[in-house]
file coords_23.cif (mmCIF, C-alpha atoms and all ligand atoms; chains and numbers go by the auth columns)
data_run
loop_
_atom_site.group_PDB
_atom_site.id
_atom_site.type_symbol
_atom_site.label_atom_id
_atom_site.label_comp_id
_atom_site.label_asym_id
_atom_site.label_seq_id
_atom_site.Cartn_x
_atom_site.Cartn_y
_atom_site.Cartn_z
_atom_site.B_iso_or_equiv
_atom_site.auth_seq_id
_atom_site.auth_asym_id
ATOM 1 C CA MET A 1 4.736 -10.407 -7.219 0.00 8 A
ATOM 2 C CA ILE A 2 4.916 -6.980 -5.619 0.00 9 A
ATOM 3 C CA LYS A 3 3.850 -6.804 -1.973 0.00 10 A
ATOM 4 C CA VAL A 4 1.884 -3.712 -0.987 0.00 11 A
ATOM 5 C CA PHE A 5 1.575 -2.983 2.703 0.00 12 A
ATOM 6 C CA GLY A 6 1.064 -0.302 5.312 0.00 13 A
ATOM 7 C CA HIS A 7 2.117 0.060 8.921 0.00 14 A
ATOM 8 C CA THR A 8 1.967 -2.357 11.824 0.00 15 A
ATOM 9 C CA ALA A 9 -1.326 -2.429 13.769 0.00 16 A
ATOM 10 C CA PRO A 10 -3.247 -1.896 10.516 0.00 17 A
ATOM 11 C CA ASP A 11 -6.038 0.663 10.634 0.00 18 A
ATOM 12 C CA THR A 12 -8.548 1.251 7.852 0.00 19 A
ATOM 13 C CA ASP A 13 -6.073 3.208 5.706 0.00 20 A
ATOM 14 C CA SER A 14 -3.279 0.657 6.142 0.00 21 A
ATOM 15 C CA THR A 15 -5.722 -2.116 5.249 0.00 22 A
ATOM 16 C CA GLY A 16 -7.633 -0.436 2.433 0.00 23 A
ATOM 17 C CA SER A 17 -4.784 1.369 0.684 0.00 24 A
ATOM 18 C CA PRO A 18 -2.769 -1.809 -0.003 0.00 25 A
ATOM 19 C CA ILE A 19 -5.937 -3.351 -1.492 0.00 26 A
ATOM 20 C CA ILE A 20 -6.515 -0.287 -3.678 0.00 27 A
ATOM 21 C CA TRP A 21 -2.932 -0.051 -4.914 0.00 28 A
ATOM 22 C CA ALA A 22 -2.544 -3.777 -5.555 0.00 29 A
ATOM 23 C CA TRP A 23 -5.789 -3.635 -7.550 0.00 30 A
ATOM 24 C CA TYR A 24 -4.418 -0.692 -9.521 0.00 31 A
ATOM 25 C CA LEU A 25 -1.114 -2.439 -10.242 0.00 32 A
ATOM 26 C CA ASN A 26 -2.853 -5.660 -11.301 0.00 33 A
ATOM 27 C CA GLU A 27 -5.805 -4.317 -13.254 0.00 34 A
ATOM 28 C CA ILE A 28 -4.576 -1.057 -14.735 0.00 35 A
ATOM 29 C CA ARG A 29 -0.799 -1.343 -14.873 0.00 36 A
ATOM 30 C CA LYS A 30 -0.881 -5.118 -15.528 0.00 37 A
ATOM 31 C CA THR A 31 1.840 -5.661 -12.924 0.00 38 A
ATOM 32 C CA PRO A 32 1.346 -8.590 -10.527 0.00 39 A
ATOM 33 C CA ALA A 33 0.873 -7.341 -6.967 0.00 40 A
ATOM 34 C CA LYS A 34 -0.837 -8.395 -3.781 0.00 41 A
ATOM 35 C CA PRO A 35 -1.915 -6.559 -0.654 0.00 42 A
ATOM 36 C CA VAL A 36 -0.517 -7.850 2.636 0.00 43 A
ATOM 37 C CA LEU A 37 -0.909 -6.767 6.254 0.00 44 A
ATOM 38 C CA GLN A 38 1.472 -6.436 9.148 0.00 45 A
ATOM 39 C CA GLY A 39 -0.854 -7.867 11.751 0.00 46 A
ATOM 40 C CA GLU A 40 -4.581 -8.280 12.244 0.00 47 A
ATOM 41 C CA PRO A 41 -6.687 -5.365 11.013 0.00 48 A
ATOM 42 C CA ASN A 42 -8.248 -3.288 13.784 0.00 49 A
ATOM 43 C CA THR A 43 -11.984 -3.345 14.481 0.00 50 A
ATOM 44 C CA GLU A 44 -12.917 -0.639 11.986 0.00 51 A
ATOM 45 C CA ALA A 45 -10.681 -2.102 9.262 0.00 52 A
ATOM 46 C CA ALA A 46 -12.149 -5.579 9.835 0.00 53 A
ATOM 47 C CA TRP A 47 -15.637 -4.073 9.551 0.00 54 A
ATOM 48 C CA MET A 48 -14.663 -2.403 6.270 0.00 55 A
ATOM 49 C CA LEU A 49 -13.456 -5.710 4.809 0.00 56 A
ATOM 50 C CA GLU A 50 -16.681 -7.396 5.812 0.00 57 A
ATOM 51 C CA ARG A 51 -18.901 -4.520 4.659 0.00 58 A
ATOM 52 C CA TRP A 52 -17.409 -4.492 1.173 0.00 59 A
ATOM 53 C CA GLY A 53 -16.934 -8.256 0.860 0.00 60 A
ATOM 54 C CA LEU A 54 -13.150 -8.023 0.590 0.00 61 A
ATOM 55 C CA ASP A 55 -10.815 -10.874 1.443 0.00 62 A
ATOM 56 C CA LYS A 56 -8.574 -10.197 4.402 0.00 63 A
ATOM 57 C CA PRO A 57 -5.049 -9.857 2.981 0.00 64 A
ATOM 58 C CA GLU A 58 -2.366 -12.305 4.077 0.00 65 A
ATOM 59 C CA ILE A 59 -0.530 -11.256 7.231 0.00 66 A
ATOM 60 C CA ILE A 60 3.255 -11.104 6.920 0.00 67 A
ATOM 61 C CA SER A 61 5.836 -10.944 9.681 0.00 68 A
ATOM 62 C CA ASP A 62 8.808 -9.773 7.615 0.00 69 A
ATOM 63 C CA VAL A 63 10.073 -9.282 4.069 0.00 70 A
ATOM 64 C CA ALA A 64 12.990 -10.912 2.241 0.00 71 A
ATOM 65 C CA ALA A 65 15.781 -9.619 0.008 0.00 72 A
ATOM 66 C CA ASP A 66 13.974 -10.769 -3.144 0.00 73 A
ATOM 67 C CA ASP A 67 10.694 -9.032 -2.242 0.00 74 A
ATOM 68 C CA LYS A 68 9.598 -5.986 -4.242 0.00 75 A
ATOM 69 C CA CYS A 69 7.613 -3.731 -1.917 0.00 76 A
ATOM 70 C CA VAL A 70 5.313 -0.739 -2.176 0.00 77 A
ATOM 71 C CA ILE A 71 5.009 0.970 1.198 0.00 78 A
ATOM 72 C CA VAL A 72 1.795 2.868 1.885 0.00 79 A
ATOM 73 C CA ASP A 73 0.438 4.886 4.828 0.00 80 A
ATOM 74 C CA THR A 74 3.836 5.077 6.540 0.00 81 A
ATOM 75 C CA ASN A 75 7.485 5.666 5.745 0.00 82 A
ATOM 76 C CA ASN A 76 8.726 5.053 9.261 0.00 83 A
ATOM 77 C CA PRO A 77 11.108 2.081 9.674 0.00 84 A
ATOM 78 C CA ALA A 78 9.777 1.576 13.218 0.00 85 A
ATOM 79 C CA GLU A 79 6.404 0.650 11.663 0.00 86 A
ATOM 80 C CA LEU A 80 7.827 -1.492 8.856 0.00 87 A
ATOM 81 C CA PRO A 81 9.105 -5.068 8.608 0.00 88 A
ATOM 82 C CA ALA A 82 12.465 -5.549 10.316 0.00 89 A
ATOM 83 C CA SER A 83 14.171 -6.448 7.036 0.00 90 A
ATOM 84 C CA ILE A 84 12.676 -3.614 4.973 0.00 91 A
ATOM 85 C CA ASN A 85 16.086 -2.248 4.015 0.00 92 A
ATOM 86 C CA GLU A 86 17.134 -5.641 2.673 0.00 93 A
ATOM 87 C CA ALA A 87 14.089 -5.794 0.397 0.00 94 A
ATOM 88 C CA GLU A 88 13.553 -3.763 -2.764 0.00 95 A
ATOM 89 C CA VAL A 89 11.309 -0.796 -2.029 0.00 96 A
ATOM 90 C CA ILE A 90 9.911 0.377 -5.365 0.00 97 A
ATOM 91 C CA GLU A 91 7.424 3.066 -4.298 0.00 98 A
ATOM 92 C CA ILE A 92 6.172 4.913 -1.210 0.00 99 A
ATOM 93 C CA ILE A 93 2.760 6.588 -0.965 0.00 100 A
ATOM 94 C CA ASP A 94 2.051 8.234 2.365 0.00 101 A
ATOM 95 C CA HIS A 95 0.451 11.097 4.255 0.00 102 A
ATOM 96 C CA HIS A 96 2.757 11.221 7.279 0.00 103 A
ATOM 97 C CA MET A 97 5.875 13.224 7.976 0.00 104 A
ATOM 98 C CA LEU A 98 9.080 11.991 6.418 0.00 105 A
ATOM 99 C CA ALA A 99 10.729 9.901 9.132 0.00 106 A
ATOM 100 C CA GLY A 100 13.839 8.902 7.206 0.00 107 A
ATOM 101 C CA GLY A 101 15.681 5.606 7.344 0.00 108 A
ATOM 102 C CA VAL A 102 14.106 3.635 4.507 0.00 109 A
ATOM 103 C CA LYS A 103 16.715 2.779 1.881 0.00 110 A
ATOM 104 C CA THR A 104 16.093 2.114 -1.783 0.00 111 A
ATOM 105 C CA ARG A 105 18.254 0.460 -4.434 0.00 112 A
ATOM 106 C CA ALA A 106 17.484 3.017 -7.085 0.00 113 A
ATOM 107 C CA PRO A 107 15.519 6.239 -7.519 0.00 114 A
ATOM 108 C CA ILE A 108 11.818 5.561 -6.903 0.00 115 A
ATOM 109 C CA ASN A 109 8.501 7.402 -6.886 0.00 116 A
ATOM 110 C CA ILE A 110 7.762 8.761 -3.437 0.00 117 A
ATOM 111 C CA THR A 111 4.485 10.610 -2.928 0.00 118 A
ATOM 112 C CA ILE A 112 3.880 12.195 0.457 0.00 119 A
ATOM 113 C CA ARG A 113 1.067 14.711 0.707 0.00 120 A
ATOM 114 C CA PRO A 114 -0.569 16.317 3.756 0.00 121 A
ATOM 115 C CA LEU A 115 -4.006 14.879 3.027 0.00 122 A
ATOM 116 C CA ALA A 116 -6.472 13.020 5.224 0.00 123 A
ATOM 117 C CA CYS A 117 -5.484 9.529 4.204 0.00 124 A
ATOM 118 C CA THR A 118 -3.331 7.568 1.767 0.00 125 A
ATOM 119 C CA ALA A 119 -6.414 6.435 -0.139 0.00 126 A
ATOM 120 C CA THR A 120 -7.125 10.097 -0.979 0.00 127 A
ATOM 121 C CA ILE A 121 -3.676 10.418 -2.559 0.00 128 A
ATOM 122 C CA MET A 122 -4.272 7.193 -4.497 0.00 129 A
ATOM 123 C CA HIS A 123 -7.567 8.503 -5.811 0.00 130 A
ATOM 124 C CA ASP A 124 -5.615 11.422 -7.201 0.00 131 A
ATOM 125 C CA LEU A 125 -2.714 9.325 -8.557 0.00 132 A
ATOM 126 C CA ILE A 126 -5.003 6.800 -10.222 0.00 133 A
ATOM 127 C CA GLY A 127 -7.383 9.495 -11.486 0.00 134 A
ATOM 128 C CA GLU A 128 -6.924 9.796 -15.219 0.00 135 A
ATOM 129 C CA ASP A 129 -5.932 6.151 -15.629 0.00 136 A
ATOM 130 C CA LEU A 130 -9.382 5.124 -14.410 0.00 137 A
ATOM 131 C CA GLU A 131 -11.179 7.371 -16.881 0.00 138 A
ATOM 132 C CA SER A 132 -9.442 5.601 -19.738 0.00 139 A
ATOM 133 C CA ALA A 133 -9.834 2.119 -18.219 0.00 140 A
ATOM 134 C CA PRO A 134 -12.027 -0.390 -20.067 0.00 141 A
ATOM 135 C CA GLU A 135 -15.491 -0.980 -18.613 0.00 142 A
ATOM 136 C CA GLY A 136 -15.932 -3.852 -16.221 0.00 143 A
HETATM 137 MN MN MN B . -2.726 4.559 9.185 0.00 201 B
#
call {"tool": "encode", "arguments": {"input": "coords_23.cif", "output": "structure tokens"}}
result
Amino acid sequence: MIKVFGHTAPDTDSTGSPIIWAWYLNEIRKTPAKPVLQGEPNTEAAWMLERWGLDKPEIISDVAADDKCVIVDTNNPAELPASINEAEVIEIIDHHMLAGGVKTRAPINITIRPLACTATIMHDLIGEDLESAPEG
């Protein structure tokens, strides 16, 4: 089960983007994944969850060596779980400057674009896959 998470002190992007990408992995790529949060969502993010009837993702305090992780809305180790470099980071999708310091076990897809939010990048990445997705 892949864990998808954003930065500590989750804002709307760090709450919504893990939900979007975990949905994409589960429903379109048929790869088990779940969104998780590093802390309680802020006021706006909590409102978003309520407004759209979304379950609040589980809050995690760290990751383990056998965790597969997708990091979204950050790439900065200071905003990531303490043990991030022990875990297996399999993808990074972000719209912040490259901070450096995250280690991977193998080459991975890293998408960093200077756009308004991570969800915008995901809309682009998912794009054509959605058009060919089955209805429902
Ligand atoms: Mn953010």
call {"tool": "closest_residue", "arguments": {"input": "coords_23.cif", "among": "A:His14, A:Thr19, A:Met55, A:Asp74", "to": "A:Ala40", "atoms": "all atoms listed in the file"}}
result
A:Asp74
call {"tool": "residues_near_ligand", "arguments": {"input": "coords_23.cif", "ligand": "ligand MN 201 (chain B)", "cutoff": "12 Å", "atoms": "all atoms listed in the file", "output": "ChimeraX atom specification"}}
result
/A:12-25,44-45,48-49,51-52,78-83,86,100-103,123-126
call {"tool": "closest_residue", "arguments": {"input": "coords_23.cif", "among": "A:Cys76, A:Glu34, A:Trp28, A:Met8", "to": "A:Thr127", "atoms": "all atoms listed in the file"}}
result
A:Trp28
call {"tool": "atom_distance", "arguments": {"input": "coords_23.cif", "atom1": "atom CA of A:Glu95", "atom2": "atom CA of A:Ala53"}}
result
28.7 Å
call {"tool": "closest_residue", "arguments": {"input": "coords_23.cif", "among": "A:Ile91, A:Leu137, A:Val96, A:Ile67", "to": "A:Gly46", "atoms": "only C-alpha atoms"}}
result
A:Ile67
call {"tool": "atom_distance", "arguments": {"input": "coords_23.cif", "atom1": "atom CA of A:Pro42", "atom2": "atom CA of A:Glu98"}}
result
13.9 Å
call {"tool": "closest_residue", "arguments": {"input": "coords_23.cif", "among": "A:Ile35, A:Pro121, A:Lys110, A:Lys41", "to": "A:Gly134", "atoms": "all atoms listed in the file"}}
result
A:Ile35
call {"tool": "residues_near_point", "arguments": {"input": "coords_23.cif", "point": "(4.3, -4.9, -8.3)", "cutoff": "9 Å", "atoms": "only C-alpha atoms", "output": "PyMOL selection string"}}
result
chain A and resi 8-11+29+32-33+37-41+75-77+97
call {"tool": "write_last_selection", "arguments": {"input": "coords_23.cif", "atoms": "C-alpha atoms", "output": "PDB file, in the frame of the given file"}}
result
ATOM      1  CA  MET A   8       4.736 -10.407  -7.219  1.00  0.00           C
ATOM      2  CA  ILE A   9       4.916  -6.980  -5.619  1.00  0.00           C
ATOM      3  CA  LYS A  10       3.850  -6.804  -1.973  1.00  0.00           C
ATOM      4  CA  VAL A  11       1.884  -3.712  -0.987  1.00  0.00           C
ATOM      5  CA  ALA A  29      -2.544  -3.777  -5.555  1.00  0.00           C
ATOM      6  CA  LEU A  32      -1.114  -2.439 -10.242  1.00  0.00           C
ATOM      7  CA  ASN A  33      -2.853  -5.660 -11.301  1.00  0.00           C
ATOM      8  CA  LYS A  37      -0.881  -5.118 -15.528  1.00  0.00           C
ATOM      9  CA  THR A  38       1.840  -5.661 -12.924  1.00  0.00           C
ATOM     10  CA  PRO A  39       1.346  -8.590 -10.527  1.00  0.00           C
ATOM     11  CA  ALA A  40       0.873  -7.341  -6.967  1.00  0.00           C
ATOM     12  CA  LYS A  41      -0.837  -8.395  -3.781  1.00  0.00           C
ATOM     13  CA  LYS A  75       9.598  -5.986  -4.242  1.00  0.00           C
ATOM     14  CA  CYS A  76       7.613  -3.731  -1.917  1.00  0.00           C
ATOM     15  CA  VAL A  77       5.313  -0.739  -2.176  1.00  0.00           C
ATOM     16  CA  ILE A  97       9.911   0.377  -5.365  1.00  0.00           C
TER      17      ILE A  97
END
